[in-house]
Amino acid sequence: MKKKIYVTRQLPDEVMERLHEQFEVKVWNDPDEPVPRNVLLEEVADVDGLFCMLSETIDEEVFQHAPQLKIVANLAVGYNNIDIGAAKNRNITVTNTPGVLTETTADLTFALLMATARRLVETSEIVRNGEWGAWAPMHFTGQDIHGKTLGIVGLGRIGEAVAKRATGFDMNILYHNRSRNEQAEARIGAKYSEMDDLLQRSDYIVLLLPYSTSNHHLIGKREIDLMKEDAIVINTSRGGLVDEDALYEALEQRKIWGAGLDVFEQEPLPKDDRLLTSKYVTVSPHIGSASIATRLQMCHLVCDNLIHVLSGDEPLTPVT
Ligand code: DGY
């Protein structure tokens with residue numbers, strides 16, 4: 001008999017076909033809205049596997065409603081939406097999607113850095129609104145990227161891929177991790193730095209570390225006060241890493257130069273969020289891994305994990 005899974009969002013046809021071949025599949029059918037909590041709690045009652053997104057909180061309450069659940073397979077490398085301890089207590093395997101999204105997320109991170117530095121979105125709007133006046137020497141000027149200092153907080157796979165791109169721009173690369181990554185230092189010429197030192201010396205501070213309650217608001221007023229006046233903060237990890245109120249105040253008071261944000265404390269970011277009133281912020285809607293090829297690869301990796309675990313094999317990419 002086929003194992004049962006619940007999928008919390010419509011997926012591309014090729015992925016759904018693969019899932020249907022292997023499992024008895026139930027799926028939340030609204031392509032735009034996440035599954036309501038009460039529906040999720042009902043739907044997991046008889047399933048062996050859960051294919052979920054970062055928009056769902058998967059916690060002890062979900063596990064209590066899912067007595068047969070063996071695997072939670074998350075369509076993301078980040079897994080802060082899942083209570084890993086609660087899953088472990090119940091012997092439920094949790095998997096994520098590392099590796100397949102590294103280069104794509106690094107591309108977006110570097111694109112956001114460049115767009116923020118050179119004011120691409122803001123100036124594009126100026127052109128569209130018919131506000132492009134006569135040429136003037138200092139109109140629309142931004143910050144250079146080449147030759148500047150990039151401070152990467154979290155030199156994991158994606159951090160290293162961003163650093164690799166930065167070498168093409170002759171950037172000086174600093175990084176901070178809990179522990180030194182000497183192999184990456186040798187590969188890309190990054191220099192280890194204490195956090196405060198990195199904040200003081202970097203022109204670009206790029207956050208590329210996993211979020212958990214222990215690093216909530218890693219970048220707050222104290223950290224921003226250490227930054228240079230022309231520093232730019234880039235966050236493509238999780239919104240909770242940055243105190244958005246402190247960031248907004250610092251930008252409006254011109255204590256730092258700009259911010260490029262792909263992730264937010266609340267997602268979707270409400271239309272009236274005051275961050276959106278700041279011309280010093282460049283925003284994108286959590287699209288780090290959003291290339292067609294990579295999202296398909298992520299979906300297939302989630303399928304592979306479900307197939308492995310529900311046929312009694314080891315998961316390919318377990319969260320440990
Ligand atoms: C991830 O994989 O954690 C990304 O944030 C989703 O695109």
# chains A, B, ... in the order shown; residues from 1 in each chain; ligands from 1
call {"tool": "residues_around", "arguments": {"residues": "stretch 99-106 of chain A", "least_positions_apart": "3", "cutoff": "9 Å", "atoms": "only C-alpha atoms", "output": "list of chain:residue names"}}
result
A:Ala76, A:Val77, A:Thr109, A:Phe110, A:Ala111, A:Arg157, A:Ile158, A:Gly159, A:Glu160, A:Ala161, A:Val162, A:Ala163, A:Arg165, A:Thr236, A:Ile287, A:Gly288, A:Ser289, A:Ala290, A:Ser291, A:Thr294, A:Arg295, A:Gln297, A:Met298, A:Leu301
call {"tool": "residues_around", "arguments": {"residues": "stretch 214-216 of chain A", "least_positions_apart": "5", "cutoff": "8 Å", "atoms": "only C-alpha atoms", "output": "ChimeraX atom specification"}}
result
/A:240-242
call {"tool": "write_last_selection", "arguments": {"atoms": "C-alpha atoms", "output": "PDB file, in the first residue's frame"}}
result
ATOM      1  CA  GLY A 240      14.815  37.941  12.266  1.00  0.00           C
ATOM      2  CA  LEU A 241      18.575  38.539  12.064  1.00  0.00           C
ATOM      3  CA  VAL A 242      18.038  42.298  11.744  1.00  0.00           C
TER       4      VAL A 242
END
call {"tool": "select_by_dssp", "arguments": {"residues": "stretch 166-211 of chain A", "states": "strand (DSSP E)", "output": "PDB file with all heavy atoms, in the first residue's frame"}}
result
ATOM      1  N   ASN A 172      38.081  43.158  -1.012  1.00  0.00           N
ATOM      2  CA  ASN A 172      38.803  42.632   0.135  1.00  0.00           C
ATOM      3  C   ASN A 172      37.751  41.897   0.977  1.00  0.00           C
ATOM      4  O   ASN A 172      36.722  42.472   1.310  1.00  0.00           O
ATOM      5  CB  ASN A 172      39.377  43.858   0.867  1.00  0.00           C
ATOM      6  CG  ASN A 172      39.981  43.515   2.188  1.00  0.00           C
ATOM      7  OD1 ASN A 172      40.564  42.448   2.350  1.00  0.00           O
ATOM      8  ND2 ASN A 172      39.842  44.430   3.148  1.00  0.00           N
ATOM      9  N   ILE A 173      37.986  40.619   1.274  1.00  0.00           N
ATOM     10  CA  ILE A 173      36.905  39.837   1.897  1.00  0.00           C
ATOM     11  C   ILE A 173      37.212  39.495   3.349  1.00  0.00           C
ATOM     12  O   ILE A 173      38.223  38.853   3.655  1.00  0.00           O
ATOM     13  CB  ILE A 173      36.659  38.539   1.096  1.00  0.00           C
ATOM     14  CG1 ILE A 173      36.321  38.901  -0.356  1.00  0.00           C
ATOM     15  CG2 ILE A 173      35.532  37.719   1.721  1.00  0.00           C
ATOM     16  CD1 ILE A 173      36.449  37.734  -1.318  1.00  0.00           C
ATOM     17  N   LEU A 174      36.343  39.928   4.237  1.00  0.00           N
ATOM     18  CA  LEU A 174      36.419  39.550   5.653  1.00  0.00           C
ATOM     19  C   LEU A 174      35.248  38.604   5.926  1.00  0.00           C
ATOM     20  O   LEU A 174      34.227  38.673   5.251  1.00  0.00           O
ATOM     21  CB  LEU A 174      36.249  40.776   6.553  1.00  0.00           C
ATOM     22  CG  LEU A 174      37.188  41.954   6.330  1.00  0.00           C
ATOM     23  CD1 LEU A 174      36.808  43.098   7.283  1.00  0.00           C
ATOM     24  CD2 LEU A 174      38.642  41.531   6.547  1.00  0.00           C
ATOM     25  N   TYR A 175      35.404  37.776   6.945  1.00  0.00           N
ATOM     26  CA  TYR A 175      34.245  36.975   7.331  1.00  0.00           C
ATOM     27  C   TYR A 175      34.263  36.724   8.822  1.00  0.00           C
ATOM     28  O   TYR A 175      35.305  36.792   9.475  1.00  0.00           O
ATOM     29  CB  TYR A 175      34.224  35.637   6.567  1.00  0.00           C
ATOM     30  CG  TYR A 175      35.164  34.587   7.113  1.00  0.00           C
ATOM     31  CD1 TYR A 175      34.700  33.597   7.983  1.00  0.00           C
ATOM     32  CD2 TYR A 175      36.511  34.590   6.782  1.00  0.00           C
ATOM     33  CE1 TYR A 175      35.557  32.635   8.490  1.00  0.00           C
ATOM     34  CE2 TYR A 175      37.370  33.631   7.285  1.00  0.00           C
ATOM     35  CZ  TYR A 175      36.896  32.661   8.138  1.00  0.00           C
ATOM     36  OH  TYR A 175      37.750  31.720   8.652  1.00  0.00           O
ATOM     37  N   HIS A 176      33.070  36.462   9.339  1.00  0.00           N
ATOM     38  CA  HIS A 176      32.971  36.049  10.738  1.00  0.00           C
ATOM     39  C   HIS A 176      32.099  34.800  10.815  1.00  0.00           C
ATOM     40  O   HIS A 176      31.021  34.749  10.240  1.00  0.00           O
ATOM     41  CB  HIS A 176      32.360  37.149  11.607  1.00  0.00           C
ATOM     42  CG  HIS A 176      32.265  36.722  13.029  1.00  0.00           C
ATOM     43  ND1 HIS A 176      33.359  36.710  13.865  1.00  0.00           N
ATOM     44  CD2 HIS A 176      31.234  36.229  13.754  1.00  0.00           C
ATOM     45  CE1 HIS A 176      33.004  36.231  15.042  1.00  0.00           C
ATOM     46  NE2 HIS A 176      31.715  35.934  15.002  1.00  0.00           N
ATOM     47  N   LYS A 191      39.566  36.781   4.999  1.00  0.00           N
ATOM     48  CA  LYS A 191      40.276  36.879   6.281  1.00  0.00           C
ATOM     49  C   LYS A 191      39.288  36.817   7.430  1.00  0.00           C
ATOM     50  O   LYS A 191      38.258  37.514   7.415  1.00  0.00           O
ATOM     51  CB  LYS A 191      41.040  38.202   6.350  1.00  0.00           C
ATOM     52  CG  LYS A 191      42.127  38.306   5.302  1.00  0.00           C
ATOM     53  CD  LYS A 191      42.907  39.611   5.460  1.00  0.00           C
ATOM     54  CE  LYS A 191      43.653  39.952   4.175  1.00  0.00           C
ATOM     55  NZ  LYS A 191      42.765  40.447   3.095  1.00  0.00           N
ATOM     56  N   TYR A 192      39.628  36.008   8.434  1.00  0.00           N
ATOM     57  CA  TYR A 192      38.743  35.886   9.603  1.00  0.00           C
ATOM     58  C   TYR A 192      38.787  37.184  10.396  1.00  0.00           C
ATOM     59  O   TYR A 192      39.839  37.806  10.557  1.00  0.00           O
ATOM     60  CB  TYR A 192      39.193  34.720  10.493  1.00  0.00           C
ATOM     61  CG  TYR A 192      38.282  34.567  11.687  1.00  0.00           C
ATOM     62  CD1 TYR A 192      37.055  33.938  11.550  1.00  0.00           C
ATOM     63  CD2 TYR A 192      38.634  35.100  12.924  1.00  0.00           C
ATOM     64  CE1 TYR A 192      36.192  33.835  12.615  1.00  0.00           C
ATOM     65  CE2 TYR A 192      37.771  34.998  14.004  1.00  0.00           C
ATOM     66  CZ  TYR A 192      36.560  34.361  13.835  1.00  0.00           C
ATOM     67  OH  TYR A 192      35.697  34.257  14.886  1.00  0.00           O
ATOM     68  N   TYR A 204      30.411  46.569   2.878  1.00  0.00           N
ATOM     69  CA  TYR A 204      29.194  45.772   2.670  1.00  0.00           C
ATOM     70  C   TYR A 204      29.159  44.704   3.752  1.00  0.00           C
ATOM     71  O   TYR A 204      30.131  43.946   3.899  1.00  0.00           O
ATOM     72  CB  TYR A 204      29.210  45.107   1.287  1.00  0.00           C
ATOM     73  CG  TYR A 204      29.197  46.135   0.183  1.00  0.00           C
ATOM     74  CD1 TYR A 204      30.390  46.607  -0.355  1.00  0.00           C
ATOM     75  CD2 TYR A 204      27.998  46.655  -0.281  1.00  0.00           C
ATOM     76  CE1 TYR A 204      30.386  47.582  -1.345  1.00  0.00           C
ATOM     77  CE2 TYR A 204      27.983  47.631  -1.268  1.00  0.00           C
ATOM     78  CZ  TYR A 204      29.181  48.094  -1.795  1.00  0.00           C
ATOM     79  OH  TYR A 204      29.163  49.069  -2.767  1.00  0.00           O
ATOM     80  N   ILE A 205      28.078  44.656   4.493  1.00  0.00           N
ATOM     81  CA  ILE A 205      27.925  43.612   5.521  1.00  0.00           C
ATOM     82  C   ILE A 205      26.820  42.688   5.039  1.00  0.00           C
ATOM     83  O   ILE A 205      25.668  43.111   4.870  1.00  0.00           O
ATOM     84  CB  ILE A 205      27.578  44.235   6.888  1.00  0.00           C
ATOM     85  CG1 ILE A 205      28.791  45.028   7.370  1.00  0.00           C
ATOM     86  CG2 ILE A 205      27.199  43.175   7.915  1.00  0.00           C
ATOM     87  CD1 ILE A 205      28.512  46.406   7.740  1.00  0.00           C
ATOM     88  N   VAL A 206      27.190  41.454   4.745  1.00  0.00           N
ATOM     89  CA  VAL A 206      26.257  40.522   4.122  1.00  0.00           C
ATOM     90  C   VAL A 206      25.965  39.386   5.098  1.00  0.00           C
ATOM     91  O   VAL A 206      26.879  38.704   5.569  1.00  0.00           O
ATOM     92  CB  VAL A 206      26.860  39.971   2.805  1.00  0.00           C
ATOM     93  CG1 VAL A 206      25.894  38.990   2.155  1.00  0.00           C
ATOM     94  CG2 VAL A 206      27.149  41.112   1.849  1.00  0.00           C
ATOM     95  N   LEU A 207      24.679  39.201   5.399  1.00  0.00           N
ATOM     96  CA  LEU A 207      24.285  38.185   6.387  1.00  0.00           C
ATOM     97  C   LEU A 207      23.925  36.898   5.662  1.00  0.00           C
ATOM     98  O   LEU A 207      22.989  36.858   4.851  1.00  0.00           O
ATOM     99  CB  LEU A 207      23.084  38.687   7.191  1.00  0.00           C
ATOM    100  CG  LEU A 207      23.305  40.040   7.875  1.00  0.00           C
ATOM    101  CD1 LEU A 207      22.044  40.490   8.588  1.00  0.00           C
ATOM    102  CD2 LEU A 207      24.476  39.978   8.836  1.00  0.00           C
TER     103      LEU A 207
END
call {"tool": "residues_around", "arguments": {"residues": "A:Pro318", "least_positions_apart": "2", "cutoff": "7 Å", "atoms": "only C-alpha atoms", "output": "list in words"}}
result
Val94, Thr95, Asn96, Pro315, Leu316 and Thr320 of chain A
call {"tool": "select_by_dssp", "arguments": {"residues": "stretch 95-236 of chain A", "states": "alpha helix (DSSP H)", "output": "ChimeraX atom specification"}}
result
/A:102-117,120-128,157-167,182-188,195-201,221-226
call {"tool": "residues_around", "arguments": {"residues": "A:Gln22", "least_positions_apart": "4", "cutoff": "9 Å", "atoms": "only C-alpha atoms", "output": "ChimeraX atom specification"}}
result
/A:2-3,17-18,307
call {"tool": "write_last_selection", "arguments": {"atoms": "N, CA, C and O atoms", "output": "tab-separated table (two decimals), in the first residue's frame"}}
result
chain	number	residue	atom	x	y	z
A	2	LYS	N	0.42	2.25	-0.78
A	2	LYS	CA	1.23	3.48	-0.86
A	2	LYS	C	1.19	4.25	0.46
A	2	LYS	O	0.14	4.31	1.11
A	3	LYS	N	2.33	4.87	0.80
A	3	LYS	CA	2.37	5.75	1.98
A	3	LYS	C	1.63	7.05	1.64
A	3	LYS	O	1.56	7.45	0.47
A	17	GLU	N	3.54	14.86	-10.50
A	17	GLU	CA	3.45	13.52	-11.15
A	17	GLU	C	4.33	12.52	-10.43
A	17	GLU	O	3.95	11.39	-10.16
A	18	ARG	N	5.53	12.97	-10.11
A	18	ARG	CA	6.48	12.08	-9.43
A	18	ARG	C	5.93	11.66	-8.05
A	18	ARG	O	6.02	10.49	-7.66
A	307	ILE	N	10.96	9.88	-0.60
A	307	ILE	CA	11.01	8.51	-1.12
A	307	ILE	C	11.98	7.67	-0.29
A	307	ILE	O	11.66	6.55	0.13
call {"tool": "atom_distance", "arguments": {"atom1": "atom CA of A:Gly142", "atom2": "atom CA of A:Asp197"}}
result
24.5 Å
call {"tool": "closest_residue", "arguments": {"among": "A:Thr57, A:Thr123, A:Asn74, A:Asn91", "to": "ligand 1", "atoms": "only C-alpha atoms and all ligand atoms"}}
result
A:Asn74
call {"tool": "closest_residue", "arguments": {"among": "A:Gly147, A:Pro34, A:Pro12, A:Gly133", "to": "A:Cys299", "atoms": "only C-alpha atoms"}}
result
A:Pro12
call {"tool": "closest_residue", "arguments": {"among": "A:Ala86, A:Asn38, A:Tyr79, A:Thr282", "to": "ligand 1", "atoms": "only C-alpha atoms and all ligand atoms"}}
result
A:Tyr79
call {"tool": "closest_residue", "arguments": {"among": "A:Met114, A:Asp48, A:Val7, A:Val62", "to": "A:His20", "atoms": "only C-alpha atoms"}}
result
A:Val7
call {"tool": "closest_residue", "arguments": {"among": "A:Arg118, A:Lys70, A:Lys271, A:Arg238", "to": "ligand 1", "atoms": "only C-alpha atoms and all ligand atoms"}}
result
A:Arg238
call {"tool": "closest_residue", "arguments": {"among": "A:Thr8, A:Asn80, A:Ser179, A:Asn29", "to": "A:Val44", "atoms": "only C-alpha atoms"}}
result
A:Thr8
call {"tool": "atom_distance", "arguments": {"atom1": "atom CA of A:Val15", "atom2": "atom CA of A:His300"}}
result
6.7 Å
call {"tool": "residues_around", "arguments": {"residues": "A:Lys221", "least_positions_apart": "4", "cutoff": "8 Å", "atoms": "only C-alpha atoms", "output": "MDAnalysis selection string"}}
result
chainID A and resid 225 243 246:247 250
call {"tool": "atom_distance", "arguments": {"atom1": "atom CA of A:Arg37", "atom2": "atom CA of A:Thr93"}}
result
21.3 Å
call {"tool": "residues_around", "arguments": {"residues": "A:Leu120", "least_positions_apart": "2", "cutoff": "12 Å", "atoms": "only C-alpha atoms", "output": "JSON, numbers by chain"}}
result
{"A": [111, 112, 113, 114, 115, 116, 117, 118, 122, 123, 124, 125, 126, 127, 140, 141, 142, 143, 260, 279, 280, 281, 282, 283]}
